[in-house]
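A.B. asks: So that we are looking at the same thing, I have put the structure below in C-alpha cells.
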Amino acid sequence: MIRPRPQDHLLRWGARALGAMPAPVLHSVNGDPVVIDGNTLHPAVQTSLRVMNGSPGAHFERLPLDEARAHIELEAWTFAGTTRLAQREDITIPTRAGSVPGRVYRARLDRPSRGTIVYFHGGGWVLGSVDSADATSRTLAKTTGMTVVSVGYRLAPEDPFPAGVEDGIDAFRWTRDNAHRFGGTAETVGVGGESAGGNLAAVISLVARDDAEGAPAFQILFCPVTDLSQKHRSYELFADGFFLTAAQMDWYAEHYLRGGGRTDDPLVSPLRADDLGGLAPAYIAVSGFDVLRDEGIAYARRLEEAGVDTTLVTHPGQIHGFFNACGALKDARDAVGHAGRWALDRLSARAEGARR
C-alpha cells in the first residue's frame, strides 16, 4: 500500500506539468537532444531522466528487496492516471498453487464487454503488482470498452520460475472459462503485459496455443522480455541511464531463475521456441531507448516468419516502461489506446470470419 509523502505529491504534480510543457520550452531546458542509433529522445523524457537518474532508486537493484519493491510502486503511482471507470474491483483468482490477487476493470456495465484482456504487470518477475499496472489497465479499459483482468502473479525470489508462468497460465484459463462473469465470451479473451508481463503473455500464448477450450484471441506485448539467453545490441546502446539498465536485467534474471530455470528454455525465452506457428495475432510495441528493444523486434520478425499476424510498433523517442506513464504523458495514453484498438480490430475480423 503506497503512503505518499508531501514531496511525493509534489513530484507527481511535477510529472504532469512536465508532460504538458511545449517542446520548445523543454528543448531550452535540456540543451542538446540525445540522439542514439538514429532515434531522438523525447524532450519530456530527457528532462525526467535527469531527475530520476539522480534519485536513490535509480539503481534499485542495490537496495534491499522490500525497498526496491516500494520504490517501483511509488514510481508507478507518480506517473499513473486516475481515469474513472464503472468497475474497478479486486478479486481472487484460483490457481494450481492456491490463488493470486486480481483486479477487474470495466468502463461500462450497461452493455456487453467488447472483449477481455488478461493483463500482467512488469517488474522483472521480482517487482510490481496490480497497483503498478493500474494506469495501463484503466487506460485499456476506458479506450476500448473491453474488460481488463489484471493478475498479481507470484514473484521471485520467493517464488522463482516457473511459479509466475504457472499463475499466468491458470489465470488466463480461469478468465477464459469464466468470461461471462465479466460481460464477455471465451473466444474474445486475449492476453497482454509489459516487460516481464509481456514475457508471460507471450509464454501463455505458446502454452495455451492448442487448448481445446480456446487459445488466447490476441497478445499485446509492451516492451517484452523475449530472450534471456543472450544480450542483444540494444543492451550495449542503452546499458545505463535510460530507466531500465543492463545491471537490473541481470539482477532480475538471477532472482527469477534461481530455482533452476534455464535461459534458453522457451518458457523463459519465447524467442528460443522451435515453432511459433499458429499463435494468436500479436501486437509488439518497443521503445527506441530500451535494452529490450532488439529482442522485441527479433520476436516480431520470428512471428512474421511463422505466419503469425504481427504488428510491430516502435516508439523511437521513448524509454522502457513509458506505457505506464498514462497520467503524465499523452504519448503513453495514445500508445496504450492504439494497442487496444488494434485488439478490437482483430476481434472484429475474427467475428466476421466466423460468420462467413
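Every chain in the C-alpha cells has a letter given in the order shown (A, B, ...), and although residue numbers restart at 1 in each chain, ligands are simply numbered from 1 in the order shown.
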If you count only C-alpha atoms, which residues fall within 8 Å of Glu73 of chain A, apart from same-chain ones fewer than 6 positions away, as a ChimeraX atom specification?
C.D. replies: /A:2,128-129,131-132
A.B. asks: Output as a ChimeraX atom specification all residues of segment 40-289 of chain A that backbone DSSP marks as helix (DSSP H, G or I).
C.D. replies: /A:43-52,56-62,65-79,134-144,163-177,179-182,186-188,196-207,233-237,246-256,270-272
A.B. asks: Looking at A:Ala202, A:Ala339, A:Ala306, A:Leu155, which one is nearest to Trp125 of chain A, with distances taken over only C-alpha atoms?
C.D. replies: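 Smallest separation from Trp125 of chain A among the options: A:Leu155.
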A.B. asks: Got a sec: who's within 12 Å of Thr83 of chain A, counting only C-alpha atoms, leaving out chain neighbours fewer than 6 positions off, as JSON, numbers by chain?
C.D. replies: {"A": [105, 106, 107, 134, 135, 136, 137, 138, 139, 140, 141, 142, 143, 326, 327, 333]}
A.B. asks: Could you please take those selected residues and save C-alpha atoms as a PDB file, in the first residue's frame?
C.D. replies:
ATOM      1  CA  TYR A 105     -11.617  -3.008 -14.847  1.00  0.00           C
ATOM      2  CA  ARG A 106     -14.723  -2.149 -16.886  1.00  0.00           C
ATOM      3  CA  ALA A 107     -15.579   1.214 -18.387  1.00  0.00           C
ATOM      4  CA  ASP A 134      -3.236   0.294 -12.630  1.00  0.00           C
ATOM      5  CA  ALA A 135      -2.751   3.195 -15.065  1.00  0.00           C
ATOM      6  CA  THR A 136      -2.297   0.950 -18.097  1.00  0.00           C
ATOM      7  CA  SER A 137      -5.223  -1.246 -17.094  1.00  0.00           C
ATOM      8  CA  ARG A 138      -7.504   1.753 -16.634  1.00  0.00           C
ATOM      9  CA  THR A 139      -6.483   3.198 -19.981  1.00  0.00           C
ATOM     10  CA  LEU A 140      -7.027  -0.071 -21.838  1.00  0.00           C
ATOM     11  CA  ALA A 141     -10.493  -0.467 -20.341  1.00  0.00           C
ATOM     12  CA  LYS A 142     -11.509   3.135 -20.974  1.00  0.00           C
ATOM     13  CA  THR A 143     -10.281   3.401 -24.567  1.00  0.00           C
ATOM     14  CA  CYS A 326      -0.570   7.425 -18.678  1.00  0.00           C
ATOM     15  CA  GLY A 327      -1.149  10.156 -16.105  1.00  0.00           C
ATOM     16  CA  ARG A 333      -2.076   7.167 -23.322  1.00  0.00           C
TER      17      ARG A 333
END
A.B. asks: If we count only C-alpha atoms, what is near Val268 of chain A at a cut-off of 9 Å, once residues fewer than 5 positions away on the same chain are taken out, given as number ranges by chain?
C.D. replies: A: 161-162, 165, 199-200, 203, 225-229, 257, 261-263
A.B. asks: Output the selection as an mmCIF file, in the first residue's frame - C-alpha atoms for each residue.
C.D. replies:
data_model
loop_
_atom_site.group_PDB
_atom_site.id
_atom_site.type_symbol
_atom_site.label_atom_id
_atom_site.label_comp_id
_atom_site.auth_asym_id
_atom_site.auth_seq_id
_atom_site.Cartn_x
_atom_site.Cartn_y
_atom_site.Cartn_z
ATOM 1 C CA PHE A 161 10.357 -19.695 -12.283
ATOM 2 C CA PRO A 162 8.063 -21.420 -13.128
ATOM 3 C CA VAL A 165 4.275 -18.770 -15.587
ATOM 4 C CA ASN A 199 7.102 -12.207 -21.443
ATOM 5 C CA LEU A 200 4.374 -14.049 -19.513
ATOM 6 C CA VAL A 203 4.680 -17.675 -22.994
ATOM 7 C CA VAL A 225 11.429 -9.756 -22.440
ATOM 8 C CA THR A 226 11.760 -12.444 -25.101
ATOM 9 C CA ASP A 227 15.341 -13.689 -24.753
ATOM 10 C CA LEU A 228 17.366 -14.047 -21.552
ATOM 11 C CA SER A 229 19.822 -16.367 -23.302
ATOM 12 C CA LEU A 257 15.932 -18.341 -12.391
ATOM 13 C CA GLY A 261 15.311 -22.321 -14.764
ATOM 14 C CA ARG A 262 17.426 -22.132 -17.934
ATOM 15 C CA THR A 263 17.806 -19.021 -20.028
#
A.B. asks: I'd like the contact shell of segment 341-353 of chain A - 10 Å cut-off, only C-alpha atoms, skipping same-chain residues fewer than 3 positions apart - returned as a list in words.
C.D. replies: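 Answer for this query is Arg114, Gly115, Thr116, Ile117, Leu140, Thr143, Thr144, Gly145, Met146, Glu187, Thr188, Val189, Gly190, Ala217, Phe218, Gln219, Ile220, Ala280, Pro281, Ala282, Tyr283, Asp309, Thr311, Val336, Gly337, His338 and Arg356 of chain A.
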A.B. asks: Just the residues within 12 Å of Val35 of chain A, please, counting only C-alpha atoms, with nothing from its chain fewer than 3 positions along; format it as a PDB file with N, CA and C atoms, in the first residue's frame.
C.D. replies:
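So around31.pdb came out as:
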ATOM      1  N   ASP A  32      21.241  20.211 -25.691  1.00  0.00           N
ATOM      2  CA  ASP A  32      21.320  19.354 -26.868  1.00  0.00           C
ATOM      3  C   ASP A  32      20.459  18.112 -26.694  1.00  0.00           C
ATOM      4  N   GLY A  38      20.066   6.723 -34.354  1.00  0.00           N
ATOM      5  CA  GLY A  38      19.094   7.363 -35.232  1.00  0.00           C
ATOM      6  C   GLY A  38      17.816   7.814 -34.552  1.00  0.00           C
ATOM      7  N   ASN A  39      17.670   7.571 -33.263  1.00  0.00           N
ATOM      8  CA  ASN A  39      16.479   7.964 -32.515  1.00  0.00           C
ATOM      9  C   ASN A  39      16.785   9.152 -31.612  1.00  0.00           C
ATOM     10  N   THR A  40      15.821  10.063 -31.504  1.00  0.00           N
ATOM     11  CA  THR A  40      15.960  11.242 -30.645  1.00  0.00           C
ATOM     12  C   THR A  40      15.066  11.087 -29.428  1.00  0.00           C
ATOM     13  N   LEU A  41      15.645  11.191 -28.261  1.00  0.00           N
ATOM     14  CA  LEU A  41      14.902  11.024 -27.018  1.00  0.00           C
ATOM     15  C   LEU A  41      13.843  12.115 -26.880  1.00  0.00           C
ATOM     16  N   HIS A  42      12.645  11.732 -26.483  1.00  0.00           N
ATOM     17  CA  HIS A  42      11.542  12.674 -26.264  1.00  0.00           C
ATOM     18  C   HIS A  42      11.997  13.717 -25.239  1.00  0.00           C
ATOM     19  N   PRO A  43      11.780  15.016 -25.511  1.00  0.00           N
ATOM     20  CA  PRO A  43      12.302  16.045 -24.599  1.00  0.00           C
ATOM     21  C   PRO A  43      11.773  15.948 -23.176  1.00  0.00           C
ATOM     22  N   GLN A  46      13.676  13.183 -21.579  1.00  0.00           N
ATOM     23  CA  GLN A  46      15.048  13.613 -21.301  1.00  0.00           C
ATOM     24  C   GLN A  46      15.116  14.396 -19.994  1.00  0.00           C
ATOM     25  N   LEU A 237      23.836  -0.347 -26.308  1.00  0.00           N
ATOM     26  CA  LEU A 237      23.485   1.043 -26.589  1.00  0.00           C
ATOM     27  C   LEU A 237      22.875   1.752 -25.388  1.00  0.00           C
ATOM     28  N   PHE A 238      22.099   1.032 -24.583  1.00  0.00           N
ATOM     29  CA  PHE A 238      21.310   1.664 -23.514  1.00  0.00           C
ATOM     30  C   PHE A 238      21.568   1.005 -22.160  1.00  0.00           C
ATOM     31  N   GLY A 288      12.481   3.104 -28.429  1.00  0.00           N
ATOM     32  CA  GLY A 288      13.755   3.327 -29.089  1.00  0.00           C
ATOM     33  C   GLY A 288      14.942   3.308 -28.159  1.00  0.00           C
ATOM     34  N   PHE A 289      14.745   3.695 -26.885  1.00  0.00           N
ATOM     35  CA  PHE A 289      15.825   3.762 -25.903  1.00  0.00           C
ATOM     36  C   PHE A 289      15.588   2.723 -24.810  1.00  0.00           C
ATOM     37  N   PRO A 316      10.078   5.626 -31.125  1.00  0.00           N
ATOM     38  CA  PRO A 316      11.513   5.911 -31.222  1.00  0.00           C
ATOM     39  C   PRO A 316      12.071   6.790 -30.124  1.00  0.00           C
ATOM     40  N   GLY A 317      11.280   7.704 -29.568  1.00  0.00           N
ATOM     41  CA  GLY A 317      11.806   8.635 -28.584  1.00  0.00           C
ATOM     42  C   GLY A 317      11.579   8.243 -27.147  1.00  0.00           C
ATOM     43  N   GLN A 318      11.102   7.020 -26.923  1.00  0.00           N
ATOM     44  CA  GLN A 318      10.683   6.627 -25.579  1.00  0.00           C
ATOM     45  C   GLN A 318      11.619   5.626 -24.929  1.00  0.00           C
TER      46      GLN A 318
END
A.B. asks: I need the residue nearest Asp275 of chain A from this list: A:Ile319, A:Leu206, A:Leu127, A:Ala332. Use only C-alpha atoms for the distance.
C.D. replies: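 Of the candidates, the smallest distance to Asp275 of chain A is held by A:Leu206.
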A.B. asks: If you run DSSP on this backbone, which residues of segment 84-189 of chain A come out as strand (DSSP E), and could you give them as a list in words?
C.D. replies: Gln87, Arg88, Glu89, Asp90, Ile91, Thr92, Ile93, Pro94, Thr95, Gly98, Ser99, Val100, Pro101, Gly102, Arg103, Val104, Tyr105, Arg106, Thr116, Ile117, Val118, Tyr119, Phe120, Thr147, Val148, Val149, Ser150, Val151 and Val189 of chain A
A.B. asks: Between A:Arg258, A:Phe242, A:Gly102, A:His315, which residue has the minimum interatomic distance to Glu89 of chain A, considering only C-alpha atoms?
C.D. replies: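 That would be A:Gly102, the residue with the smallest distance to Glu89 of chain A.
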A.B. asks: Which of these, A:Pro112, A:Val130, A:Leu74, A:Gly241, has the shortest distance to Val51 of chain A once you count only C-alpha atoms?
C.D. replies: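 The answer is A:Gly241, which sits nearest to Val51 of chain A.
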A.B. asks: Return the single residue from A:Arg293, A:Arg181, A:Arg233, A:Arg50 that is closest to Thr314 of chain A, with distances computed using only C-alpha atoms.
C.D. replies: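 When distances to Thr314 of chain A are compared using only C-alpha atoms, the smallest one comes from A:Arg293.
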A.B. asks: Name all residues at most 10 Å from Val151 of chain A (count only C-alpha atoms; drop same-chain ones fewer than 4 positions away) and give them as a ChimeraX atom specification.
C.D. replies: /A:91-93,100-104,118-121,129-130,133,167-168,171-172,193,197
A.B. asks: So that each row is one residue of segment 193-239 of chain A with an atom at most 9 Å from segment 321-324 of chain A, can you give its shortest atom pair and the distance in Å to one decimal, using only C-alpha atoms, rows by chain and rising number, as a tab-separated table?
C.D. replies:
residue	atom	partner	partner_atom	distance
A:Glu194	CA	A:Gly321	CA	7.2
A:Ser195	CA	A:Gly321	CA	7.3
A:Phe222	CA	A:Phe323	CA	7.5
A:Cys223	CA	A:Gly321	CA	7.2
A.B. asks: For His232 of chain A, which residue out of A:Glu295, A:Ala86, A:Arg154, A:Leu109 is the nearest one, using only C-alpha atoms?
C.D. replies: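 Closest residue, counting only C-alpha atoms: A:Glu295.
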A.B. asks: Mind giving me the straight-line distance from atom CA of His180 of chain A to atom CA of Ala212 of chain A in Å, one decimal?
C.D. replies: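 The value is 18.1 Å.
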